[in-house]
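Structure record follows, encoded as structure tokens.
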Amino acid sequence: MNQLLAGFLTALSPVNLLAGLIGVTVGTAIGVLPGIGPALTISLLLPITYGVDPTTAFIMFGGIYYGAMYGGSTTSILVRMPGEAASVVTSLDGFQMAKNGRAGAALATAAIGSFVAGTFATFMLMLLAPVLVNFALRFGPPEYFALMILALTTVSGLSGDSAPKAMFSTMLGLGLGIVGIDMQSGQARLTFGIPSLLGGIDVVVAAIGFFAIGEVLWAAATRERPDETISTVGGLRMTAEEWRRSWPAWIRGSLIGFFVGVLPGAGATVSTFLSYSTERKASKNPSEFGKGAIEGVAGPEAANNASAGGSMVPLLALGIPGSGTTAIMLAAFQLYGLQPGPLLFAEKPQLVWGLIASLYISNALLLALNLPLVGIWVKLLRIPQPLLFGSVLAFSTLGVYTINHNSFDLIVVWVLGVLSFFMRLYDFPIAPAILGLVLGPLAEQEFRKSIAISVGDPTIFLTRPISVTILIVASIVLIRAIVPVRSSNDGKLP
Amino acid sequence: MHAPILAAFMIAALTGFPSKPITIIAPANPGGGWDQTARQIQQVLVSQHIVNVPTEVANRPGAGGTIGLAEFITTNRNDPHSILVLGRVMMGAILTNHSAVTLSETVPLARLLNEYEAIAVPANSKYQTFTELIDDFKKEPERVSWGGGSAGGTDHILVGMLAQAAGVSPKRINYIAHSGGGEAAVAVMGGHVTVGVSGYGEWKPHVKSGRVRFLAVSSPTRFAGDTTPTILESGLDVVIANWRSVAAPPGTNDEQRGWWIDAFEKMRGSDQWQQILRQNDWEDSFLSGREFDVFLADETRRNAETLNAMGLVPNPSAYPYFIALGLIVSLVWLWRSSPATISVQPSIDWRGFGITAAVVLGYVLLFERIGYVFTTACLVFLTSRILRSRAWVRDVTASIAVSGSLYLVFEVLLKKGLP
């Protein structure tokens, strides 16, 4: 505890506080801008921070990382344009809430949920990092495969009314996930000889195509009342009812996000899907999901922030990056001649505890920064819709272009946008396609790694305690989801 | 003004190079080896005043660097203000990806460093020496799972060379590819693979923390201050270095090439660079000019030989077929269960959809050619017209404002290089 107090003293020095403030502001801004993630921002800032005290630099980086997670939800909620992969799920119910006039509440529950989750994750990081590392290391390919299967069962919560349509969308997403170089063989698959496809289809690219471009095309084809703006109903603040419904979702989201974040091979996006599916299972009104259920925003938004905190565990305690952002932070440590790991706690306690303390402070700063911003963001919705849609197009295509500097990605976005229009026309759910794209490649790679490790023996998934437990949970979820679907379908059949 | 800056300005004034900002391209994501090398180069070039124009690092990740290489060769042709960081891994990727571009299209500048590989096992592994491991590998090659980086990369090639030297068919290697050294290290620490192959520096902190043990290193001699034996000492004739180099784009003239080689010689001579090499356990393997060209040609040939012996792994996965089957099954299921649900919403304005889709496609195809601000303003304006906005003046103003401000933020502030 003395060390933490000393850490707070370090983090609260004027220079470090300023660094934290800059970090959270920049982080929020880049979270809002699509295509510029925290990893890229930190790498852009590296040359500038060189020569600055490492503690100060890392306090700024931590602020950027958490800030991006806060900011990422904003465009998902307001215009269905996720800025980062981890906020794709937020756009499902967040955008519907905005359409229902509850944009203010959606943004608020995202911000407060992020604060709760970020603080929780930092607390757990401080207390349990060494223990958790051993837990994380027990996750090998079979366990990751089981976890991906569990996450894939989320699809039952995203499926809309028709099971075969949901299956088609999922398969489509899994198929899009095959595109690119297969890691195990180094061979290209489904790239049709186009070099730009070798890297695969980026999740943010797909989400922008499916959601943002799809939304604009849909609006163009169904334009009803032009020049209309989305109204806000019942003020910006969350109602008592919304508070009551958000609390449990924040807590569950924090737990899921943190533990998934600790695993170096899973990532924040997976945790948001797991959280969404948990919320839907826990809800008394699952049918509300996809139509603006506040739990569908509160849970995943808490999860992605907690996951950011969780991924600091393997970074600090092992020197292993658990996400793109922690990878660049690891490189930054090395540029300073520091090596994260158990020795860092012993050798540079001031830096480690200063960083941990600053994460608490960043969270508080972010809440203070983001709650007042809610009002300003909601005003954006007053822009007449035709202009808003036009700007969304400009904004999102630019975001896609900046990810890889590749104009071919824009063609991919266009194709997916048109595809999403037709899926919507024929009432195919879109979210399962994104889910498949995120999880498919991970599940396939982990499956093949497992089989290679066991030299072809498929029982490897059933003989390891963690993997078999997760698989049993997944099958229960799946059976419970399929059984009612079957019975209702039987009723409909002629 | 400092003397070195003045001197550099005079050289720049005489040769006219560099006349604008310099970009060091890392064909990988932030955080990886190439990215790290690019950033260290940037740091030394700038702080030693070897380069006196703004210098930045750009990441062009994907496909073992071949995406970055292809872009470098096409878009930076004739403009040596951009240079590319590359290394041994790219040679493998060019072969396995059937890349349309190769290293021979670039203008090699210099090899900067060697990073040696190390072979490590979990702390509680039954293998105490490298020889014990190789003995088991000879008996039952499949039982030894090797965790390392991407397929066809240096880690993979090293295992292939070990197999060849030990008389094991390289096709029987059980190699498990990971997306990076960090992931492979996790697999070793967790005991999920028998043995791990990665850069020496990548393992060092984990060896220090006691979670993994070194068995052998791929360098010709032992590392200073480390008793880990070399692979050579075990009787297998295998030495491999993961070298990194820099290249200029096609169309670089001799004068410009000379300027760059000179700059890298100065960088190499600086204490700062030497300290970076020591910190990262990199070996100074500076080589330029004709000797470097010869080395590259040799290395390319040797690399191709090993890869061919290992066999470009045919893709054994049935997964794509499984997906195709799933798509067919779901369509059949849909058609059988409820053909009535396949219906079109009646109130679709096809003209509105068609025009919007065409406008967006036009924008996507044209904006690199015509330039960002104009096309984006048109896009915003046209979209709002299609969506029946009625206020002319407002739309025009807003369109210009949106495209202009986006341009300012992304180009001027973030220097993202918009057309």
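By order of appearance in the structure tokens: chains A, B, ..., then residues from 1 within every chain, and ligands from 1 in the order shown.
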- Task: Using only C-alpha atoms, determine which residues lie at most 10 Å from Gly265 of chain A, disregarding the query and same-chain residues fewer than 3 positions distant; provide the list as an MDAnalysis selection string.
- Result: (chainID A and resid 136 139:141 144 260:262 311 321:323 442 446) or (chainID B and resid 183 186)
- Residue list (helix (DSSP H, G or I), DSSP) for segment 249-409 of chain A, as a PyMOL selection string: chain A and resi 249-262+268-282+286-288+295-310+312-318+324-335+342-347+349-380+385-404+407-409
- Message: Need to verify the contact set: Thr459 of chain A, 12 Å, only C-alpha atoms, exclusion of same-chain residues closer than 6 positions in sequence. Can you return it as a PyMOL selection string?
- Response: chain A and resi 142+447+450-451+453+465+467-468
- Message: Neighbouring residues of segment 232-244 of chain B were defined as those with any atom within 7 Å, considering only C-alpha atoms; residues of the same chain fewer than 3 positions away were excluded. Please report them as a list in words.
- Response: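 Listed by chain and then number, they are Leu86, Gly87, Arg88, Arg111, Leu112, Leu113, Asn114, Glu115, Tyr116, Glu117, Thr131, Thr154, Leu158, Met161, Leu162, Ala165, Ala166, Ser218, Ser219, Pro220 and Pro229 of chain B.
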Requested write-out: N, CA and C atoms of the selected residues, as a compact mmCIF listing (two decimals), in the first residue's frame:
```txt
# COMPACT_ATOMS: atom_id res chain seq x y z
N LEU B 86 13.74 -3.87 -44.02
CA LEU B 86 13.33 -5.24 -44.32
C LEU B 86 14.31 -6.21 -43.70
N GLY B 87 14.05 -7.47 -43.89
CA GLY B 87 14.95 -8.45 -43.30
C GLY B 87 14.71 -9.81 -43.89
N ARG B 88 15.36 -10.77 -43.28
CA ARG B 88 15.36 -12.12 -43.78
C ARG B 88 13.95 -12.70 -43.95
N ARG B 111 23.07 -3.66 -45.06
CA ARG B 111 22.64 -4.54 -43.98
C ARG B 111 23.09 -3.88 -42.69
N LEU B 112 22.22 -3.80 -41.72
CA LEU B 112 22.54 -3.05 -40.52
C LEU B 112 22.88 -3.93 -39.34
N LEU B 113 22.18 -5.06 -39.19
CA LEU B 113 22.38 -5.82 -37.97
C LEU B 113 21.97 -7.27 -38.16
N ASN B 114 22.48 -8.10 -37.28
CA ASN B 114 22.09 -9.50 -37.20
C ASN B 114 21.42 -9.74 -35.87
N GLU B 115 20.29 -10.42 -35.91
CA GLU B 115 19.70 -10.87 -34.66
C GLU B 115 19.76 -12.39 -34.71
N TYR B 116 20.35 -13.00 -33.72
CA TYR B 116 20.45 -14.45 -33.73
C TYR B 116 19.25 -15.09 -33.06
N GLU B 117 19.01 -16.34 -33.46
CA GLU B 117 17.88 -17.09 -32.92
C GLU B 117 18.32 -17.87 -31.69
N THR B 131 21.21 -31.59 -27.26
CA THR B 131 21.43 -32.91 -27.84
C THR B 131 20.28 -33.87 -27.48
N THR B 154 12.03 -16.89 -40.47
CA THR B 154 13.34 -17.37 -40.02
C THR B 154 13.25 -18.49 -39.00
N LEU B 158 14.85 -22.12 -39.60
CA LEU B 158 15.85 -22.69 -38.71
C LEU B 158 15.49 -24.14 -38.37
N MET B 161 16.31 -26.27 -41.27
CA MET B 161 17.74 -26.52 -41.38
C MET B 161 18.20 -27.54 -40.35
N LEU B 162 17.65 -27.46 -39.14
CA LEU B 162 17.99 -28.43 -38.09
C LEU B 162 17.60 -29.84 -38.52
N ALA B 165 19.95 -31.09 -41.14
CA ALA B 165 21.25 -31.43 -40.58
C ALA B 165 21.19 -32.70 -39.74
N ALA B 166 20.02 -32.95 -39.10
CA ALA B 166 19.88 -34.11 -38.23
C ALA B 166 19.41 -35.35 -39.01
N SER B 218 21.73 -19.75 -32.32
CA SER B 218 22.04 -20.01 -33.73
C SER B 218 23.24 -19.22 -34.22
N SER B 219 23.98 -18.57 -33.29
CA SER B 219 25.12 -17.74 -33.69
C SER B 219 26.36 -18.63 -33.89
N PRO B 220 27.38 -18.13 -34.60
CA PRO B 220 28.59 -18.93 -34.79
C PRO B 220 29.36 -19.14 -33.49
N PRO B 229 25.23 -22.96 -25.18
CA PRO B 229 26.05 -23.41 -26.30
C PRO B 229 25.43 -23.05 -27.65
```
- Message: What's around segment 361-363 of chain B at 8 Å? Count only C-alpha atoms, leave out sequence neighbours fewer than 4 positions away in its own chain, and write the answer as a list in words.
- Response: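 Counting only C-alpha atoms, the residues come to Ile411 and Trp414 of chain A; Ala357, Phe367, Thr375, Thr376 and Leu379 of chain B.
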Selected residues written out, all heavy atoms, as a CSV table (one decimal), in the first residue's frame:
```csv
chain,number,residue,atom,x,y,z
A,411,ILE,N,-12.9,-0.3,-51.7
A,411,ILE,CA,-13.7,-1.1,-52.5
A,411,ILE,C,-14.3,-2.2,-51.7
A,411,ILE,O,-15.5,-2.5,-51.9
A,411,ILE,CB,-12.9,-1.6,-53.7
A,411,ILE,CG1,-12.4,-0.4,-54.6
A,411,ILE,CG2,-13.7,-2.6,-54.6
A,411,ILE,CD1,-11.5,-0.8,-55.7
A,414,TRP,N,-17.2,-0.8,-49.9
A,414,TRP,CA,-18.3,-0.5,-50.8
A,414,TRP,C,-19.1,-1.8,-51.0
A,414,TRP,O,-20.3,-1.9,-50.9
A,414,TRP,CB,-17.8,0.1,-52.1
A,414,TRP,CG,-19.0,0.4,-53.0
A,414,TRP,CD1,-19.7,1.6,-53.0
A,414,TRP,CD2,-19.5,-0.4,-54.1
A,414,TRP,NE1,-20.7,1.5,-53.9
A,414,TRP,CE2,-20.6,0.4,-54.6
A,414,TRP,CE3,-19.2,-1.6,-54.6
A,414,TRP,CZ2,-21.3,-0.1,-55.7
A,414,TRP,CZ3,-19.9,-2.1,-55.7
A,414,TRP,CH2,-21.0,-1.3,-56.2
B,357,ALA,N,-25.2,4.3,-54.3
B,357,ALA,CA,-24.2,3.3,-54.4
B,357,ALA,C,-23.2,3.7,-55.5
B,357,ALA,O,-22.0,3.6,-55.3
B,357,ALA,CB,-24.8,2.0,-54.8
B,367,PHE,N,-10.9,9.2,-55.6
B,367,PHE,CA,-10.4,10.2,-54.7
B,367,PHE,C,-8.8,10.2,-54.7
B,367,PHE,O,-8.2,11.2,-54.5
B,367,PHE,CB,-11.0,10.2,-53.3
B,367,PHE,CG,-10.3,9.4,-52.3
B,367,PHE,CD1,-9.6,10.0,-51.3
B,367,PHE,CD2,-10.3,8.0,-52.3
B,367,PHE,CE1,-9.0,9.3,-50.3
B,367,PHE,CE2,-9.7,7.3,-51.3
B,367,PHE,CZ,-9.0,7.9,-50.3
B,375,THR,N,-13.0,15.8,-54.0
B,375,THR,CA,-13.9,14.6,-54.1
B,375,THR,C,-14.8,14.5,-52.9
B,375,THR,O,-15.9,14.1,-53.0
B,375,THR,CB,-13.1,13.3,-54.4
B,375,THR,OG1,-12.0,13.3,-53.5
B,375,THR,CG2,-12.6,13.2,-55.8
B,376,THR,N,-14.2,14.7,-51.7
B,376,THR,CA,-15.0,14.5,-50.5
B,376,THR,C,-16.1,15.6,-50.4
B,376,THR,O,-17.2,15.2,-50.0
B,376,THR,CB,-14.0,14.6,-49.3
B,376,THR,OG1,-13.0,13.7,-49.5
B,376,THR,CG2,-14.8,14.3,-48.0
B,379,LEU,N,-18.7,14.4,-52.6
B,379,LEU,CA,-19.4,13.2,-52.0
B,379,LEU,C,-20.5,13.7,-50.9
B,379,LEU,O,-21.6,13.2,-51.0
B,379,LEU,CB,-18.4,12.3,-51.3
B,379,LEU,CG,-19.0,11.1,-50.5
B,379,LEU,CD1,-19.4,10.0,-51.4
B,379,LEU,CD2,-18.0,10.6,-49.5
```
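Across the model, the gap from atom CA of Trp259 of chain B to atom CA of Pro80 of chain B is 10.2 Å.
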- Item | All strand (DSSP E or B) residues (DSSP, backbone) inside segment 46-256 of chain A, as a VMD selection string | chain A and resid 50 52 180 to 181 188 to 189
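Non-sequential neighbours of Val32 of chain A (distance at most 9 Å, separation of 4 or more positions within a chain, only C-alpha atoms) are Gly27, Thr28, Ile36, Ala68, Tyr70, Gly71, Gly72, Ser73, Thr74, Thr75, Ser76, Pro82, Gly83 and Glu84 of chain A.
Going from atom CA of Val373 of chain B to atom CA of Leu393 of chain A covers 13.7 Å.
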- Task: Pick out the closest residue to chain B from this set: A:Arg464, A:Lys165, A:Arg480, A:Arg382. Count only C-alpha atoms.
- Result: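 Among A:Arg464, A:Lys165, A:Arg480, A:Arg382, it is A:Lys165 that comes nearest to chain B.
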